[in-house]
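Report on the following structure.
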Amino acid sequence: MLKIYNSLSREKQTFTPIEAGKVRMYVCGMTVYDFCHLGHARVMVVFDMVSRWFRTSNYDVTYVRNITDIDDKIIKRANENGESIGALTQRFIDFMDEDSAKLGIIRPDIEPRATTYIDDMITMISTLIEKGHAYLASNGDVFYSVRSFANYGKLSGKSLDDLRAGERVEVDTHKKDVMDFVLWKAAKPNEPNWPSPWGNGRPGWHIECSAMSASLLSAHFDIHGGGQDLQFPHHENEIAQSEAAHNCKMANYWMHNGFVRVDDEKMSKSLGNFFTIREVLKKYDAEVVRFFILRAHYRSPLNYSDMHLDDAKASLTRLYTALRGREVSTNIIDWNHPQAARFKEAMDDDFNTPEAMAVLFDLANEVNKTGAVKTATLLKNLGGVVGLLQRDADAFLQGEIISISSSITEGADISVGHIETLSIDDETDVSLLYARDMETIDQLIDLRIEAKKAKNFVEADRIRKELADSGIILEDTPQGTTWRRT
RNA sequence: GGCGCGAUAGCAAAGCGGUUAUGCCGCGGCCUGCAAAGCCGUUUAGACCAGUUCGACUCUGGUUCGCGCCUCCA
């Protein structure tokens, strides 16, 4: 029995799909005018985890995540760059796809772009005008009349009379009510525009999600998700638009993921305290970032720092170490296994991934104790349910990139420090770090083994120290010497 | 001013009205030539004040502190 915390009711509720066995989910995606930051990474990872869990639970999932490819910031940025809006948005969509692929995100089933749904938006706005929920202002903009929608504020718990509109932003004098929001903006010079019954213009931000979700998932669907900061006004406005236009409930469950923070402050563009995904991936393995996100509950705030990422890396290393050197097959999960059952119970409890991770660690402990292949298999497969632990353990522990060149030259004294230290700066691709010569490492390991055989422990320890200084940790096991990167 | 969320050990982070969360770090032991990894054990908890209860980290009320939304934001 899956339970979801519903922002609408502010409590955990048993999930009941509209149509048996099917889940229709819409998540607000990115506005593509810049690189994605860790906040975006969290939305992507969280709802990827959610859709994966629904699929694991045998639901037929339709997951839609939109792309906002027309808005003020995009227009502004394109002008600044002197490039077309299409070129700008495509570029950042490509970057987003790269980032999300690295984070192990399964692509949503549909990723609609706002600009390809203009007709649906116009139709919807017309309906809202007909029904008296929207009006054409004297400046050519079309506004939604918030007072016309009785339930306005039900999602965010806001009361129209308590909102302090205009306190931080100049109020548009064309509005009937200060809280009214724009559905259609009349064309301005040098801005992209589309023809409409109200003249040329472009859609407001909120209407796109209402139009696309209705088009792709129908007027009434199961889950609507997004970052907490979208709860008001964006999601509140979506409800007002959709429910007024369609005369039915929009989404049964509203899910909001918590913020990523830096020094206990929300990471955001406006505060300038954000880290882009690609920036972080230069220093940390993408799976470490994914694990970092999943080891916290999706609704909790998540503080970002190098220290926390280091911690996450050490933890994930423990999991992969347990899997190392074991013949693990990918097969069906036996959900009757006590730990699998505990994992399922945790996931069913509003996607409690921290508890699910704890199960993984308990399994790792069991694997380390017993070496049971069955347990290791369960560990890997349960990890796979949330998109973790699917790589070869050595690939994770040693890095995947093959060497660039051998630093051992013919006849040279191999015992002298010949493993150069690579410095990391913004331009350094992390793959260069992985590129350190594996062959050299193997040769040094062989030399050390010879030294050990000769009981020359001073030399053996010196080689080990030398490698350690280069970030290579040696581990002597009954099966031989293995290594991993720090 | 309105509304909402949170406060758990050195750090991170869950569940739970009574029984080991979990991970990292620290300490002791085993293992090892020595390490590392692993295993075993172990030190650090529940902001503060009341109340309910046989019993509260867990429920209720209050206090303090922190965060968020009320503009664009994932």
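Every chain in the structure tokens takes a letter, A first, then B, and so on in the order presented; its residues are numbered from 1, and the ligands are numbered from 1 following the presented order.
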Mind running segment 287-384 of chain A against segment 4-15 of chain B at 8 Å and telling me each contacting residue's nearest atom pair with the distance in Å (one decimal), counting only C-alpha atoms (C1' of nucleotides), chain and number ascending, as JSON lines?
{"residue": "A:Arg295", "atom": "CA", "partner": "B:A13", "partner_atom": "C1'", "distance": 7.4}
{"residue": "A:Ala296", "atom": "CA", "partner": "B:A13", "partner_atom": "C1'", "distance": 6.5}
{"residue": "A:His308", "atom": "CA", "partner": "B:A12", "partner_atom": "C1'", "distance": 7.0}
{"residue": "A:Asp311", "atom": "CA", "partner": "B:A12", "partner_atom": "C1'", "distance": 7.7}
{"residue": "A:Pro354", "atom": "CA", "partner": "B:A14", "partner_atom": "C1'", "distance": 6.0}
{"residue": "A:Glu355", "atom": "CA", "partner": "B:A14", "partner_atom": "C1'", "distance": 5.7}
Notebook entry, point to check: Within 10 Å of segment 230-235 of chain A, counting only C-alpha atoms (C1' of nucleotides), which residues qualify if same-chain residues fewer than 2 places away don't, as a PyMOL selection string?
Noted result: (chain A and resi 7-8+28+153+155-158+179+181+205-207+209-210+224-228+237-241+254-257) or (chain B and resi 69-71+73-74)
Check: Which of these residues is nearest to A21 of chain B, using only C-alpha atoms (C1' of nucleotides): A:Pro478, A:Arg107, A:Ala150, A:Val359?
Finding: A:Val359
Margin query: Report, in Å to a single decimal, how far apart atom CA of His337 of chain A and atom CA of Lys380 of chain A are.
Written below: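 Atom CA of His337 of chain A lies at a distance of 14.1 Å from atom CA of Lys380 of chain A.
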Next item on the list: Would you mind writing down, as an MDAnalysis selection string, each residue of segment 334-409 of chain A that DSSP on the backbone assigns to alpha helix (DSSP H)?
Entry: chainID A and resid 338:348 353:370 373:385 393:398
Those selected residues, please, written with N, CA and C atoms and delivered as a compact mmCIF listing (two decimals), in the first residue's frame.
# COMPACT_ATOMS: atom_id res chain seq x y z
N PRO A 338 13.13 -10.75 3.85
CA PRO A 338 12.85 -9.76 4.89
C PRO A 338 13.38 -8.36 4.56
N GLN A 339 14.61 -8.32 4.03
CA GLN A 339 15.18 -7.00 3.73
C GLN A 339 14.50 -6.36 2.53
N ALA A 340 14.13 -7.17 1.56
CA ALA A 340 13.42 -6.63 0.40
C ALA A 340 12.06 -6.08 0.84
N ALA A 341 11.45 -6.81 1.76
CA ALA A 341 10.15 -6.38 2.27
C ALA A 341 10.29 -5.06 3.03
N ARG A 342 11.40 -4.95 3.76
CA ARG A 342 11.64 -3.71 4.51
C ARG A 342 11.89 -2.55 3.54
N PHE A 343 12.63 -2.85 2.48
CA PHE A 343 12.90 -1.86 1.44
C PHE A 343 11.58 -1.37 0.83
N LYS A 344 10.73 -2.32 0.50
CA LYS A 344 9.44 -1.98 -0.11
C LYS A 344 8.57 -1.17 0.83
N GLU A 345 8.59 -1.58 2.08
CA GLU A 345 7.79 -0.85 3.07
C GLU A 345 8.25 0.61 3.18
N ALA A 346 9.58 0.78 3.14
CA ALA A 346 10.12 2.14 3.21
C ALA A 346 9.72 2.95 1.98
N MET A 347 9.87 2.38 0.82
CA MET A 347 9.53 3.10 -0.40
C MET A 347 8.04 3.40 -0.48
N ASP A 348 7.25 2.46 0.01
CA ASP A 348 5.80 2.67 0.01
C ASP A 348 5.37 3.74 1.00
N THR A 353 13.45 7.02 0.97
CA THR A 353 14.72 6.50 0.47
C THR A 353 15.82 6.40 1.53
N PRO A 354 15.87 7.27 2.56
CA PRO A 354 16.91 7.09 3.58
C PRO A 354 16.78 5.72 4.26
N GLU A 355 15.55 5.32 4.55
CA GLU A 355 15.33 4.01 5.17
C GLU A 355 15.69 2.90 4.17
N ALA A 356 15.35 3.11 2.91
CA ALA A 356 15.68 2.13 1.88
C ALA A 356 17.20 1.99 1.76
N MET A 357 17.91 3.10 1.90
CA MET A 357 19.37 3.06 1.86
C MET A 357 19.90 2.27 3.05
N ALA A 358 19.28 2.44 4.19
CA ALA A 358 19.70 1.71 5.39
C ALA A 358 19.60 0.20 5.15
N VAL A 359 18.58 -0.20 4.42
CA VAL A 359 18.43 -1.62 4.07
C VAL A 359 19.62 -2.07 3.24
N LEU A 360 20.02 -1.23 2.29
CA LEU A 360 21.17 -1.55 1.45
C LEU A 360 22.43 -1.76 2.29
N PHE A 361 22.60 -0.92 3.28
CA PHE A 361 23.80 -1.06 4.12
C PHE A 361 23.73 -2.31 4.99
N ASP A 362 22.55 -2.64 5.45
CA ASP A 362 22.42 -3.87 6.22
C ASP A 362 22.72 -5.09 5.35
N LEU A 363 22.30 -5.02 4.10
CA LEU A 363 22.59 -6.11 3.17
C LEU A 363 24.09 -6.19 2.90
N ALA A 364 24.72 -5.03 2.78
CA ALA A 364 26.16 -5.00 2.53
C ALA A 364 26.89 -5.67 3.69
N ASN A 365 26.45 -5.38 4.89
CA ASN A 365 27.06 -6.00 6.07
C ASN A 365 26.92 -7.52 6.01
N GLU A 366 25.76 -7.96 5.60
CA GLU A 366 25.51 -9.40 5.50
C GLU A 366 26.39 -10.04 4.42
N VAL A 367 26.52 -9.33 3.32
CA VAL A 367 27.37 -9.82 2.23
C VAL A 367 28.81 -9.93 2.71
N ASN A 368 29.28 -8.92 3.41
CA ASN A 368 30.64 -8.93 3.91
C ASN A 368 30.88 -10.06 4.90
N LYS A 369 29.85 -10.39 5.64
CA LYS A 369 29.99 -11.45 6.63
C LYS A 369 29.92 -12.83 5.99
N THR A 370 28.94 -13.01 5.14
CA THR A 370 28.67 -14.35 4.62
C THR A 370 29.20 -14.58 3.20
N VAL A 373 26.15 -14.95 -2.40
CA VAL A 373 25.86 -14.37 -3.71
C VAL A 373 24.41 -13.91 -3.79
N LYS A 374 23.55 -14.67 -3.15
CA LYS A 374 22.14 -14.34 -3.17
C LYS A 374 21.89 -12.97 -2.53
N THR A 375 22.58 -12.74 -1.41
CA THR A 375 22.44 -11.46 -0.73
C THR A 375 23.02 -10.32 -1.55
N ALA A 376 24.18 -10.59 -2.14
CA ALA A 376 24.82 -9.56 -2.98
C ALA A 376 23.92 -9.22 -4.16
N THR A 377 23.29 -10.25 -4.70
CA THR A 377 22.38 -10.05 -5.82
C THR A 377 21.21 -9.17 -5.42
N LEU A 378 20.68 -9.44 -4.24
CA LEU A 378 19.56 -8.64 -3.75
C LEU A 378 20.00 -7.19 -3.55
N LEU A 379 21.20 -7.03 -2.99
CA LEU A 379 21.74 -5.68 -2.78
C LEU A 379 21.80 -4.91 -4.09
N LYS A 380 22.38 -5.54 -5.08
CA LYS A 380 22.53 -4.86 -6.36
C LYS A 380 21.17 -4.57 -7.01
N ASN A 381 20.29 -5.53 -6.93
CA ASN A 381 18.99 -5.33 -7.56
C ASN A 381 18.11 -4.32 -6.85
N LEU A 382 18.19 -4.29 -5.53
CA LEU A 382 17.43 -3.26 -4.80
C LEU A 382 18.02 -1.88 -5.09
N GLY A 383 19.35 -1.84 -5.19
CA GLY A 383 19.99 -0.57 -5.57
C GLY A 383 19.48 -0.13 -6.93
N GLY A 384 19.33 -1.10 -7.82
CA GLY A 384 18.87 -0.79 -9.16
C GLY A 384 17.48 -0.20 -9.20
N VAL A 385 16.68 -0.55 -8.22
CA VAL A 385 15.32 -0.02 -8.15
C VAL A 385 15.33 1.52 -8.06
N ALA A 393 31.63 -2.98 -9.93
CA ALA A 393 32.21 -2.39 -8.73
C ALA A 393 33.59 -1.79 -8.99
N ASP A 394 34.42 -2.48 -9.75
CA ASP A 394 35.75 -1.95 -10.05
C ASP A 394 35.67 -0.66 -10.85
N ALA A 395 34.68 -0.59 -11.71
CA ALA A 395 34.53 0.62 -12.52
C ALA A 395 34.26 1.81 -11.61
N PHE A 396 33.46 1.57 -10.58
CA PHE A 396 33.19 2.66 -9.64
C PHE A 396 34.42 2.95 -8.77
N LEU A 397 35.04 1.89 -8.26
CA LEU A 397 36.13 2.07 -7.30
C LEU A 397 37.42 2.55 -7.95
N GLN A 398 37.61 2.18 -9.21
CA GLN A 398 38.88 2.53 -9.86
C GLN A 398 38.74 3.61 -10.91
Margin query: List as number ranges by chain the protein and nucleic acid residues near segment 124-130 of chain A, meaning an atom at most 9 Å away when only C-alpha atoms (C1' of nucleotides) are counted, but skip any in the same chain fewer than 6 places from it.
Written below: A: 136, 142, 144, 183-184, 197, 207, 210-211, 241-242, 244-246
Next item on the list: Give the strand (DSSP E) residues of segment 450-480 of chain A, as assigned by DSSP on the backbone, as a ChimeraX atom specification.
Entry: /A:472-477,480
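In terms of minimum interatomic distance to chain A, B:U32 ranks closest within B:U52, B:U19, B:U32, B:U58, counting only C-alpha atoms (C1' of nucleotides).
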Next item on the list: Give me the residues within 12 Å of A50 of chain B as a ChimeraX atom specification, counting only C-alpha atoms (C1' of nucleotides) and dropping any in the same chain fewer than 4 places off.
Entry: /B:60-63
Just the selected residues (N, CA and C atoms (P, O5', C5', C4', C3', O3' and C1' of nucleotides)), exported as a tab-separated table (two decimals), in the first residue's frame, please.
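File written: again-v1.tsv
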chain	number	residue	atom	x	y	z
B	60	U	P	0.94	16.45	18.48
B	60	U	O5'	0.37	17.10	19.82
B	60	U	C5'	-1.02	17.00	20.13
B	60	U	C4'	-1.31	17.81	21.36
B	60	U	C3'	-0.71	19.21	21.37
B	60	U	O3'	-1.52	20.13	20.67
B	60	U	C1'	-0.24	18.14	23.42
B	61	G	P	-0.80	21.38	19.97
B	61	G	O5'	-0.48	22.30	21.22
B	61	G	C5'	-1.53	22.91	21.97
B	61	G	C4'	-0.97	23.64	23.15
B	61	G	C3'	0.15	24.64	22.83
B	61	G	O3'	-0.36	25.87	22.35
B	61	G	C1'	0.77	23.34	24.70
B	62	G	P	0.59	26.73	21.37
B	62	G	O5'	1.69	27.30	22.38
B	62	G	C5'	1.31	28.22	23.40
B	62	G	C4'	2.47	28.42	24.35
B	62	G	C3'	3.75	28.98	23.72
B	62	G	O3'	3.71	30.38	23.57
B	62	G	C1'	4.28	27.16	25.15
B	63	U	P	4.66	31.05	22.45
B	63	U	O5'	6.10	30.86	23.10
B	63	U	C5'	6.45	31.55	24.30
B	63	U	C4'	7.88	31.24	24.66
B	63	U	C3'	8.90	31.51	23.56
B	63	U	O3'	9.27	32.88	23.52
B	63	U	C1'	9.30	29.38	24.48
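With distances taken over only C-alpha atoms (C1' of nucleotides), B:C39 is the one residue among B:C65, B:C30, B:C39, B:C49 lying closest to chain A.
One distance worth recording is that between atom CA of Trp483 of chain A and atom CA of Asp461 of chain A, which is 14.5 Å.
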